[in-house]
Each structure stands twice: as structure tokens, then as C-alpha cells.
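**Q** Got structure15.cif for you, mmCIF, N, CA and C atoms:
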```cif
data_entry
#
loop_
_atom_site.label_atom_id
_atom_site.label_comp_id
_atom_site.auth_asym_id
_atom_site.auth_seq_id
_atom_site.Cartn_x
_atom_site.Cartn_y
_atom_site.Cartn_z
N MET A 267 -33.20 -45.14 -4.96
CA MET A 267 -33.34 -44.21 -3.86
C MET A 267 -34.75 -43.63 -3.91
N SER A 268 -35.34 -43.44 -2.74
CA SER A 268 -36.71 -42.93 -2.72
C SER A 268 -36.72 -41.45 -3.07
N PRO A 269 -37.82 -40.94 -3.56
CA PRO A 269 -37.92 -39.52 -3.92
C PRO A 269 -37.64 -38.61 -2.72
N ARG A 270 -38.06 -39.04 -1.49
CA ARG A 270 -37.81 -38.21 -0.31
C ARG A 270 -36.32 -38.08 -0.03
N VAL A 271 -35.61 -39.18 -0.12
CA VAL A 271 -34.17 -39.16 0.15
C VAL A 271 -33.48 -38.31 -0.91
N THR A 272 -33.85 -38.47 -2.16
CA THR A 272 -33.26 -37.68 -3.23
C THR A 272 -33.51 -36.20 -3.01
N LEU A 273 -34.74 -35.83 -2.62
CA LEU A 273 -35.08 -34.44 -2.35
C LEU A 273 -34.28 -33.90 -1.16
N SER A 274 -34.13 -34.71 -0.10
CA SER A 274 -33.37 -34.29 1.07
C SER A 274 -31.90 -34.09 0.73
N VAL A 275 -31.33 -34.99 -0.05
CA VAL A 275 -29.93 -34.87 -0.44
C VAL A 275 -29.74 -33.62 -1.30
N ALA A 276 -30.64 -33.36 -2.23
CA ALA A 276 -30.55 -32.18 -3.09
C ALA A 276 -30.68 -30.90 -2.27
N ALA A 277 -31.62 -30.88 -1.32
CA ALA A 277 -31.79 -29.69 -0.47
C ALA A 277 -30.55 -29.47 0.39
N GLY A 278 -29.99 -30.55 0.93
CA GLY A 278 -28.78 -30.44 1.74
C GLY A 278 -27.62 -29.90 0.93
N ALA A 279 -27.47 -30.37 -0.31
CA ALA A 279 -26.39 -29.89 -1.17
C ALA A 279 -26.59 -28.41 -1.48
N LEU A 280 -27.82 -28.00 -1.68
CA LEU A 280 -28.11 -26.59 -1.96
C LEU A 280 -27.77 -25.71 -0.75
N VAL A 281 -28.10 -26.17 0.45
CA VAL A 281 -27.79 -25.42 1.67
C VAL A 281 -26.27 -25.32 1.84
N LEU A 282 -25.56 -26.41 1.61
CA LEU A 282 -24.09 -26.39 1.71
C LEU A 282 -23.48 -25.43 0.70
N ALA A 283 -23.97 -25.44 -0.52
CA ALA A 283 -23.43 -24.55 -1.55
C ALA A 283 -23.69 -23.09 -1.18
N ALA A 284 -24.88 -22.80 -0.68
CA ALA A 284 -25.20 -21.42 -0.29
C ALA A 284 -24.31 -20.99 0.87
N GLY A 285 -24.11 -21.89 1.84
CA GLY A 285 -23.24 -21.57 2.97
C GLY A 285 -21.81 -21.33 2.53
N ALA A 286 -21.30 -22.13 1.60
CA ALA A 286 -19.94 -21.95 1.10
C ALA A 286 -19.82 -20.63 0.35
N GLY A 287 -20.85 -20.28 -0.40
CA GLY A 287 -20.83 -19.00 -1.12
C GLY A 287 -20.84 -17.82 -0.16
N ALA A 288 -21.63 -17.90 0.89
CA ALA A 288 -21.66 -16.83 1.89
C ALA A 288 -20.33 -16.72 2.59
N PHE A 289 -19.71 -17.86 2.91
CA PHE A 289 -18.39 -17.84 3.54
C PHE A 289 -17.37 -17.19 2.62
N ALA A 290 -17.41 -17.53 1.34
CA ALA A 290 -16.47 -16.95 0.38
C ALA A 290 -16.66 -15.44 0.28
N LEU A 291 -17.90 -14.98 0.27
CA LEU A 291 -18.15 -13.54 0.23
C LEU A 291 -17.67 -12.85 1.50
N ALA A 292 -17.92 -13.46 2.64
CA ALA A 292 -17.47 -12.88 3.91
C ALA A 292 -15.95 -12.84 3.95
N TYR A 293 -15.31 -13.89 3.49
CA TYR A 293 -13.85 -13.94 3.47
C TYR A 293 -13.30 -12.88 2.52
N ALA A 294 -13.94 -12.70 1.38
CA ALA A 294 -13.47 -11.70 0.41
C ALA A 294 -13.55 -10.30 1.01
N ASP A 295 -14.59 -10.03 1.83
CA ASP A 295 -14.73 -8.72 2.46
C ASP A 295 -13.64 -8.47 3.49
N GLU A 296 -13.05 -9.52 4.04
CA GLU A 296 -12.05 -9.38 5.09
C GLU A 296 -10.62 -9.32 4.54
N GLN A 297 -10.46 -9.32 3.26
CA GLN A 297 -9.12 -9.27 2.68
C GLN A 297 -8.47 -7.92 3.00
N PRO A 298 -7.19 -7.92 3.34
CA PRO A 298 -6.51 -6.64 3.58
C PRO A 298 -6.36 -5.86 2.28
N PRO A 299 -6.09 -4.57 2.38
CA PRO A 299 -5.91 -3.77 1.17
C PRO A 299 -4.78 -4.34 0.30
N ALA A 300 -4.94 -4.20 -0.99
CA ALA A 300 -3.92 -4.67 -1.94
C ALA A 300 -3.31 -3.47 -2.66
N LEU A 301 -1.98 -3.47 -2.76
CA LEU A 301 -1.26 -2.41 -3.47
C LEU A 301 -0.88 -2.91 -4.86
N SER A 302 -0.95 -2.01 -5.84
CA SER A 302 -0.50 -2.36 -7.19
C SER A 302 -0.01 -1.11 -7.91
N ASP A 303 0.78 -1.33 -8.93
CA ASP A 303 1.32 -0.25 -9.76
C ASP A 303 2.03 0.83 -8.95
N SER A 304 2.78 0.42 -7.94
CA SER A 304 3.53 1.38 -7.11
C SER A 304 4.77 1.86 -7.86
N ALA A 305 5.01 3.17 -7.80
CA ALA A 305 6.18 3.74 -8.49
C ALA A 305 6.63 5.00 -7.77
N ALA A 306 7.94 5.21 -7.77
CA ALA A 306 8.52 6.43 -7.18
C ALA A 306 9.30 7.15 -8.26
N ARG A 307 9.25 8.49 -8.19
CA ARG A 307 10.03 9.31 -9.12
C ARG A 307 10.73 10.39 -8.30
N TYR A 308 12.05 10.40 -8.37
CA TYR A 308 12.85 11.39 -7.65
C TYR A 308 13.50 12.32 -8.67
N THR A 309 13.34 13.62 -8.45
CA THR A 309 13.97 14.63 -9.28
C THR A 309 14.88 15.45 -8.38
N ALA A 310 16.16 15.44 -8.67
CA ALA A 310 17.12 16.17 -7.84
C ALA A 310 16.94 17.68 -8.02
N PRO A 311 17.19 18.44 -6.95
CA PRO A 311 17.11 19.90 -7.09
C PRO A 311 18.25 20.42 -7.95
N ARG A 312 18.01 21.57 -8.56
CA ARG A 312 19.04 22.27 -9.35
C ARG A 312 19.25 23.64 -8.72
N ALA A 313 20.22 24.35 -9.23
CA ALA A 313 20.51 25.68 -8.69
C ALA A 313 19.31 26.61 -8.79
N ASP A 314 18.49 26.45 -9.82
CA ASP A 314 17.37 27.36 -10.05
C ASP A 314 16.01 26.86 -9.56
N ARG A 315 15.94 25.61 -9.05
CA ARG A 315 14.64 25.09 -8.60
C ARG A 315 14.81 23.90 -7.65
N ASP A 316 13.75 23.70 -6.86
CA ASP A 316 13.73 22.53 -5.97
C ASP A 316 13.45 21.28 -6.79
N GLY A 317 13.81 20.16 -6.23
CA GLY A 317 13.46 18.87 -6.81
C GLY A 317 12.19 18.35 -6.14
N SER A 318 11.92 17.07 -6.34
CA SER A 318 10.73 16.49 -5.71
C SER A 318 10.85 14.98 -5.65
N LEU A 319 10.05 14.42 -4.76
CA LEU A 319 9.86 12.98 -4.69
C LEU A 319 8.37 12.75 -4.82
N THR A 320 7.98 11.92 -5.78
CA THR A 320 6.58 11.59 -5.98
C THR A 320 6.43 10.08 -5.96
N PHE A 321 5.47 9.60 -5.18
CA PHE A 321 5.17 8.18 -5.09
C PHE A 321 3.70 8.00 -5.41
N THR A 322 3.38 7.02 -6.24
CA THR A 322 1.98 6.71 -6.55
C THR A 322 1.75 5.21 -6.39
N THR A 323 0.54 4.86 -5.99
CA THR A 323 0.15 3.46 -5.90
C THR A 323 -1.36 3.36 -6.01
N ASP A 324 -1.84 2.24 -6.50
CA ASP A 324 -3.26 1.94 -6.51
C ASP A 324 -3.54 1.03 -5.33
N VAL A 325 -4.56 1.38 -4.54
CA VAL A 325 -4.93 0.60 -3.37
C VAL A 325 -6.35 0.08 -3.57
N THR A 326 -6.52 -1.23 -3.44
CA THR A 326 -7.84 -1.84 -3.56
C THR A 326 -8.25 -2.39 -2.21
N ALA A 327 -9.42 -1.97 -1.73
CA ALA A 327 -9.97 -2.44 -0.47
C ALA A 327 -11.48 -2.46 -0.59
N SER A 328 -12.09 -3.63 -0.35
CA SER A 328 -13.53 -3.76 -0.56
C SER A 328 -14.34 -2.86 0.37
N SER A 329 -13.80 -2.54 1.55
CA SER A 329 -14.53 -1.67 2.47
C SER A 329 -14.20 -0.19 2.27
N GLY A 330 -13.26 0.11 1.38
CA GLY A 330 -12.83 1.48 1.14
C GLY A 330 -11.46 1.74 1.72
N VAL A 331 -10.78 2.75 1.23
CA VAL A 331 -9.43 3.09 1.68
C VAL A 331 -9.54 4.19 2.73
N LYS A 332 -9.07 3.90 3.93
CA LYS A 332 -9.10 4.87 5.02
C LYS A 332 -7.88 5.77 4.99
N SER A 333 -6.68 5.18 4.85
CA SER A 333 -5.46 5.99 4.83
C SER A 333 -4.32 5.23 4.18
N VAL A 334 -3.36 6.00 3.68
CA VAL A 334 -2.13 5.44 3.12
C VAL A 334 -0.99 6.29 3.66
N LYS A 335 -0.10 5.65 4.40
CA LYS A 335 1.07 6.32 4.98
C LYS A 335 2.30 5.94 4.16
N VAL A 336 3.20 6.92 3.98
CA VAL A 336 4.37 6.74 3.12
C VAL A 336 5.63 7.17 3.87
N LEU A 337 6.68 6.35 3.79
CA LEU A 337 7.96 6.65 4.41
C LEU A 337 9.09 6.29 3.45
N ALA A 338 9.90 7.28 3.09
CA ALA A 338 11.09 7.03 2.25
C ALA A 338 12.26 6.77 3.19
N TRP A 339 13.03 5.72 2.91
CA TRP A 339 14.17 5.39 3.76
C TRP A 339 15.36 4.92 2.92
N PRO A 340 16.57 5.35 3.32
CA PRO A 340 17.77 4.97 2.56
C PRO A 340 18.18 3.52 2.84
N GLU A 341 18.67 2.86 1.81
CA GLU A 341 19.07 1.46 1.95
C GLU A 341 20.22 1.30 2.95
N ASN A 342 21.08 2.30 3.05
CA ASN A 342 22.21 2.18 3.97
C ASN A 342 21.88 2.80 5.33
N SER A 343 20.72 2.44 5.87
CA SER A 343 20.30 2.93 7.19
C SER A 343 19.97 1.74 8.08
N SER A 344 19.64 2.02 9.33
CA SER A 344 19.28 0.95 10.26
C SER A 344 18.00 0.23 9.82
N LEU A 345 17.18 0.87 9.01
CA LEU A 345 15.95 0.23 8.54
C LEU A 345 16.23 -0.90 7.55
N ALA A 346 17.43 -0.94 6.99
CA ALA A 346 17.76 -2.00 6.05
C ALA A 346 17.81 -3.36 6.74
N GLU A 347 18.28 -3.37 7.99
CA GLU A 347 18.36 -4.63 8.73
C GLU A 347 17.01 -5.04 9.28
N GLN A 348 16.28 -4.09 9.81
CA GLN A 348 14.96 -4.35 10.36
C GLN A 348 13.99 -3.42 9.64
N LYS A 349 13.29 -3.94 8.68
CA LYS A 349 12.40 -3.15 7.83
C LYS A 349 11.38 -2.37 8.67
N PRO A 350 10.86 -1.27 8.12
CA PRO A 350 9.86 -0.49 8.86
C PRO A 350 8.66 -1.35 9.26
N THR A 351 8.15 -1.10 10.45
CA THR A 351 6.98 -1.82 10.96
C THR A 351 5.76 -0.88 10.92
N ALA A 352 4.60 -1.45 11.19
CA ALA A 352 3.38 -0.64 11.25
C ALA A 352 3.52 0.44 12.32
N LYS A 353 4.19 0.12 13.41
CA LYS A 353 4.42 1.10 14.47
C LYS A 353 5.28 2.26 13.96
N ASP A 354 6.33 1.94 13.20
CA ASP A 354 7.18 2.97 12.60
C ASP A 354 6.37 3.87 11.67
N MET A 355 5.41 3.29 11.00
CA MET A 355 4.64 4.02 10.00
C MET A 355 3.59 4.96 10.61
N ALA A 356 3.33 4.83 11.90
CA ALA A 356 2.31 5.66 12.54
C ALA A 356 2.63 7.15 12.39
N ALA A 357 3.90 7.51 12.42
CA ALA A 357 4.29 8.92 12.31
C ALA A 357 4.61 9.33 10.88
N ALA A 358 4.47 8.42 9.94
CA ALA A 358 4.77 8.73 8.53
C ALA A 358 3.72 9.68 7.96
N GLU A 359 4.09 10.32 6.87
CA GLU A 359 3.17 11.26 6.21
C GLU A 359 2.14 10.51 5.37
N SER A 360 1.01 11.17 5.16
CA SER A 360 -0.10 10.55 4.42
C SER A 360 -0.07 10.92 2.95
N ALA A 361 -0.47 9.96 2.14
CA ALA A 361 -0.69 10.20 0.71
C ALA A 361 -2.11 10.72 0.54
N THR A 362 -2.36 11.36 -0.59
CA THR A 362 -3.70 11.81 -0.95
C THR A 362 -4.29 10.77 -1.89
N CYS A 363 -5.50 10.30 -1.56
CA CYS A 363 -6.12 9.24 -2.36
C CYS A 363 -7.41 9.74 -3.01
N GLU A 364 -7.59 9.37 -4.26
CA GLU A 364 -8.78 9.70 -5.04
C GLU A 364 -9.35 8.40 -5.60
N PRO A 365 -10.68 8.22 -5.55
CA PRO A 365 -11.28 7.02 -6.14
C PRO A 365 -10.90 6.90 -7.61
N SER A 366 -10.60 5.66 -8.02
CA SER A 366 -10.22 5.45 -9.42
C SER A 366 -10.88 4.22 -10.02
N GLY A 367 -11.84 3.66 -9.35
CA GLY A 367 -12.53 2.48 -9.85
C GLY A 367 -13.25 1.81 -8.70
N HIS A 368 -13.89 0.70 -8.99
CA HIS A 368 -14.62 -0.05 -7.97
C HIS A 368 -13.66 -0.53 -6.89
N ASP A 369 -13.84 -0.07 -5.66
CA ASP A 369 -13.02 -0.46 -4.51
C ASP A 369 -11.55 -0.06 -4.63
N THR A 370 -11.20 0.80 -5.57
CA THR A 370 -9.80 1.17 -5.79
C THR A 370 -9.61 2.68 -5.70
N ALA A 371 -8.48 3.07 -5.11
CA ALA A 371 -8.12 4.48 -5.04
C ALA A 371 -6.70 4.65 -5.55
N ARG A 372 -6.46 5.75 -6.25
CA ARG A 372 -5.12 6.11 -6.73
C ARG A 372 -4.55 7.07 -5.68
N CYS A 373 -3.46 6.66 -5.04
CA CYS A 373 -2.88 7.44 -3.95
C CYS A 373 -1.54 8.03 -4.38
N THR A 374 -1.36 9.31 -4.07
CA THR A 374 -0.16 10.03 -4.48
C THR A 374 0.42 10.77 -3.29
N TYR A 375 1.73 10.68 -3.17
CA TYR A 375 2.47 11.40 -2.15
C TYR A 375 3.56 12.19 -2.86
N THR A 376 3.60 13.50 -2.65
CA THR A 376 4.61 14.35 -3.28
C THR A 376 5.20 15.26 -2.21
N VAL A 377 6.52 15.37 -2.22
CA VAL A 377 7.21 16.25 -1.29
C VAL A 377 8.31 16.99 -2.04
N PRO A 378 8.48 18.29 -1.79
CA PRO A 378 9.58 19.01 -2.44
C PRO A 378 10.91 18.59 -1.81
N VAL A 379 11.97 18.66 -2.61
CA VAL A 379 13.32 18.35 -2.15
C VAL A 379 14.19 19.57 -2.44
N THR A 380 14.62 20.23 -1.38
CA THR A 380 15.48 21.40 -1.55
C THR A 380 16.94 20.95 -1.68
N ALA A 381 17.80 21.87 -2.08
CA ALA A 381 19.23 21.56 -2.17
C ALA A 381 19.77 21.18 -0.80
N THR A 382 19.30 21.84 0.24
CA THR A 382 19.71 21.52 1.61
C THR A 382 19.28 20.10 1.98
N ASP A 383 18.03 19.73 1.63
CA ASP A 383 17.54 18.37 1.88
C ASP A 383 18.42 17.35 1.18
N ALA A 384 18.71 17.60 -0.09
CA ALA A 384 19.49 16.66 -0.89
C ALA A 384 20.91 16.52 -0.33
N ASP A 385 21.52 17.63 0.09
CA ASP A 385 22.88 17.57 0.64
C ASP A 385 22.92 16.78 1.94
N ALA A 386 21.85 16.83 2.73
CA ALA A 386 21.80 16.14 4.01
C ALA A 386 21.39 14.67 3.87
N SER A 387 20.94 14.27 2.70
CA SER A 387 20.46 12.90 2.49
C SER A 387 21.57 12.01 1.95
N PRO A 388 21.64 10.77 2.45
CA PRO A 388 22.65 9.85 1.91
C PRO A 388 22.34 9.50 0.46
N GLY A 389 23.37 9.44 -0.35
CA GLY A 389 23.20 9.03 -1.74
C GLY A 389 23.01 7.53 -1.84
N GLY A 390 22.58 7.10 -3.00
CA GLY A 390 22.40 5.67 -3.25
C GLY A 390 20.94 5.28 -3.29
N PRO A 391 20.69 3.96 -3.19
CA PRO A 391 19.31 3.46 -3.28
C PRO A 391 18.46 3.83 -2.06
N TRP A 392 17.23 4.17 -2.33
CA TRP A 392 16.23 4.43 -1.30
C TRP A 392 15.00 3.57 -1.59
N HIS A 393 14.21 3.35 -0.55
CA HIS A 393 12.98 2.56 -0.67
C HIS A 393 11.80 3.38 -0.14
N ILE A 394 10.63 3.02 -0.58
CA ILE A 394 9.39 3.61 -0.09
C ILE A 394 8.62 2.52 0.65
N ALA A 395 8.36 2.76 1.95
CA ALA A 395 7.50 1.87 2.73
C ALA A 395 6.09 2.45 2.71
N VAL A 396 5.10 1.58 2.63
CA VAL A 396 3.70 2.00 2.54
C VAL A 396 2.86 1.19 3.51
N LEU A 397 2.02 1.88 4.26
CA LEU A 397 1.03 1.24 5.11
C LEU A 397 -0.34 1.69 4.64
N ALA A 398 -1.11 0.77 4.06
CA ALA A 398 -2.47 1.06 3.59
C ALA A 398 -3.46 0.49 4.59
N THR A 399 -4.41 1.31 5.01
CA THR A 399 -5.42 0.88 5.97
C THR A 399 -6.79 1.04 5.34
N ALA A 400 -7.60 -0.02 5.44
CA ALA A 400 -8.95 0.00 4.88
C ALA A 400 -9.93 0.54 5.92
N ASP A 401 -11.12 0.90 5.48
CA ASP A 401 -12.16 1.40 6.37
C ASP A 401 -12.55 0.37 7.43
N ASP A 402 -12.40 -0.93 7.12
CA ASP A 402 -12.76 -1.96 8.09
C ASP A 402 -11.64 -2.22 9.12
N GLY A 403 -10.53 -1.47 9.03
CA GLY A 403 -9.44 -1.61 9.99
C GLY A 403 -8.32 -2.52 9.56
N SER A 404 -8.52 -3.31 8.52
CA SER A 404 -7.45 -4.19 8.05
C SER A 404 -6.38 -3.33 7.38
N SER A 405 -5.15 -3.85 7.37
CA SER A 405 -4.06 -3.06 6.78
C SER A 405 -3.05 -3.96 6.10
N THR A 406 -2.27 -3.33 5.23
CA THR A 406 -1.19 -3.99 4.51
C THR A 406 0.04 -3.09 4.60
N LEU A 407 1.17 -3.69 4.98
CA LEU A 407 2.44 -2.98 5.05
C LEU A 407 3.38 -3.57 4.01
N ASP A 408 3.90 -2.72 3.15
CA ASP A 408 4.92 -3.13 2.18
C ASP A 408 6.14 -2.25 2.46
N PRO A 409 7.19 -2.81 3.08
CA PRO A 409 8.35 -2.00 3.44
C PRO A 409 9.20 -1.57 2.25
N GLU A 410 8.99 -2.19 1.09
CA GLU A 410 9.74 -1.83 -0.12
C GLU A 410 8.79 -1.81 -1.32
N ALA A 411 7.79 -0.94 -1.26
CA ALA A 411 6.79 -0.86 -2.32
C ALA A 411 7.38 -0.31 -3.61
N ALA A 412 8.38 0.56 -3.50
CA ALA A 412 9.02 1.15 -4.68
C ALA A 412 10.41 1.62 -4.27
N GLY A 413 11.21 1.97 -5.26
CA GLY A 413 12.55 2.45 -4.97
C GLY A 413 12.96 3.56 -5.91
N PHE A 414 13.99 4.28 -5.49
CA PHE A 414 14.58 5.34 -6.32
C PHE A 414 16.02 5.52 -5.88
N THR A 415 16.78 6.30 -6.63
CA THR A 415 18.19 6.52 -6.32
C THR A 415 18.46 8.00 -6.16
N VAL A 416 19.17 8.34 -5.08
CA VAL A 416 19.62 9.71 -4.84
C VAL A 416 21.10 9.76 -5.23
N GLU A 417 21.43 10.64 -6.16
CA GLU A 417 22.81 10.73 -6.60
C GLU A 417 23.45 12.01 -6.13
#
```
Here is a file; write its structure as C-alpha cells.
**A**
Amino acid sequence: MSPRVTLSVAAGALVLAAGAGAFALAYADEQPPALSDSAARYTAPRADRDGSLTFTTDVTASSGVKSVKVLAWPENSSLAEQKPTAKDMAAAESATCEPSGHDTARCTYTVPVTATDADASPGGPWHIAVLATADDGSSTLDPEAAGFTVE
């Protein structure tokens, strides 16, 4: 093969590799937020104090975390047949998020549970639905990110 052809082939391979790398970086930036280490803790109220529900999750988004919405729902409800949608989550309450690493935020949602709340709530398994939205507008919905039991 002539030196010119060899040089052209090498330059072409270099351009292709650079283009593939740029595509991979662009694709990585477009990934929706990722949830990890999600957990719920429910403490029932007692005669002398309120209980609480606390949910935590780590959210990773290369463009940053814009919002995290949280909805607790009982397994024996209409949501069991048709899981919560992003539209359902629009009215859900927001978690508080704090940066916890590169592109990651630790998000926490805590709500008090009074004896009246507990009496009005169905017992049994409950789930936590989460809608995480990144600064670039991409989002991830997990209708069963964590669970807990109301007794």
C-alpha cells in the first residue's frame, strides 16, 4: 500500500474514533436520572408522639437534579392495577435534595404521621413512587422505588 493511502486510512480511522467518542459523550449526557439506594422507614404514632415516614434515595444526573417528587400509595388501592404515572406525580410532594458527590444528590422526604392519619390509612404494604427530573428535562419514574408496611 502506498504511504498516501496508509496515511488516508489512518486519518479516516482517527476521525471515526473521535466521532464515536463524541457521540458516546453526547449520549451519556442525555441519560435520564438514575435512582439508587432507595429506602423507606415508617414509624407508627404512639399515644405520646407522632410517627413519621421518611424516604431517601440517591439521584444521579449528569446535568444536575432539578426535582424529586414522592408519592406513598397503599398496595390495596386503585394504583396497584395502574401504577402511578408522571402525570399523577405532578401534584406529589417534593423531596429535599443535597449534593452528595459528582452528579449525585441525596434526596430525603419526611412527613409526620399523626394518630388520625394512621387510623385513616389502610394497613398493609405500601409503596413509594418517585419521579426524578434532571436539569436538562429528562426524567425517571419508579412507581415502586421502596416499600413499607402500615400495621
**Q** Please determine, counting all atoms listed in the file, which residue among A:Gln297, A:Ser344, A:Thr382, A:Ser366 has the shortest atom-to-atom distance to Ala327 (chain A).
**A**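 The answer is A:Gln297, which sits nearest to Ala327 (chain A).
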**Q** Residues at most 8 Å from Trp392 (chain A), counting only N, CA and C atoms, excluding those fewer than 4 positions away in the same chain, as a ChimeraX atom specification?
**A** /A:338-342,388,410,412-416
**Q** Evaluating the PyMOL selection byres ((chain A and resi 332) around 6.5) on the displayed file yields which residues, as a ChimeraX atom specification?
**A** /A:330-331,333-334,399-401
**Q** Taking 3 positions as the minimum chain separation for residues in the same chain, which residues sit within 6 Å of region 405-407 of chain A when counting all atoms listed in the file? Answer as a list of chain:residue names.
**A** A:Pro298, A:Pro299, A:Val396, A:Leu397, A:Ala398, A:Thr399, A:Ala400
**Q** Write out, as a compact mmCIF listing (two decimals), keeping the file's coordinate frame, the residues just selected, with N, CA and C atoms.
**A**
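Once written, result_39.txt looks like this:
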```
# COMPACT_ATOMS: atom_id res chain seq x y z
N PRO A 298 -7.19 -7.92 3.34
CA PRO A 298 -6.51 -6.64 3.58
C PRO A 298 -6.36 -5.86 2.28
N PRO A 299 -6.09 -4.57 2.38
CA PRO A 299 -5.91 -3.77 1.17
C PRO A 299 -4.78 -4.34 0.30
N VAL A 396 5.10 1.58 2.63
CA VAL A 396 3.70 2.00 2.54
C VAL A 396 2.86 1.19 3.51
N LEU A 397 2.02 1.88 4.26
CA LEU A 397 1.03 1.24 5.11
C LEU A 397 -0.34 1.69 4.64
N ALA A 398 -1.11 0.77 4.06
CA ALA A 398 -2.47 1.06 3.59
C ALA A 398 -3.46 0.49 4.59
N THR A 399 -4.41 1.31 5.01
CA THR A 399 -5.42 0.88 5.97
C THR A 399 -6.79 1.04 5.34
N ALA A 400 -7.60 -0.02 5.44
CA ALA A 400 -8.95 0.00 4.88
C ALA A 400 -9.93 0.54 5.92
```
**Q** Residues near Phe321 (chain A), anyone? I mean within 6 Å using only C-alpha atoms, not counting same-chain ones fewer than 4 positions away, as a list in words.
**A**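 In the requested format, the answer is Ala305, Ala306, Thr374 and Tyr375 of chain A.
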**Q** Kindly indicate which residue among A:Asp314, A:Glu417, A:Pro378, A:Leu337 lies nearest to Met355 (chain A), using only N, CA and C atoms for the distances.
**A** A:Leu337
**Q** As a VMD selection string, please: every residue in chain A that a backbone DSSP assignment puts in alpha helix (DSSP H).
**A** chain A and resid 269 to 295 352 to 355 381 to 386
**Q** Between CA of Asp402 (chain A) and CA of Ser329 (chain A), what is the distance in Å, rounded to a tenth?
**A**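 Computing the Euclidean distance for CA of Asp402 (chain A) and CA of Ser329 (chain A) yields 5.9 Å.
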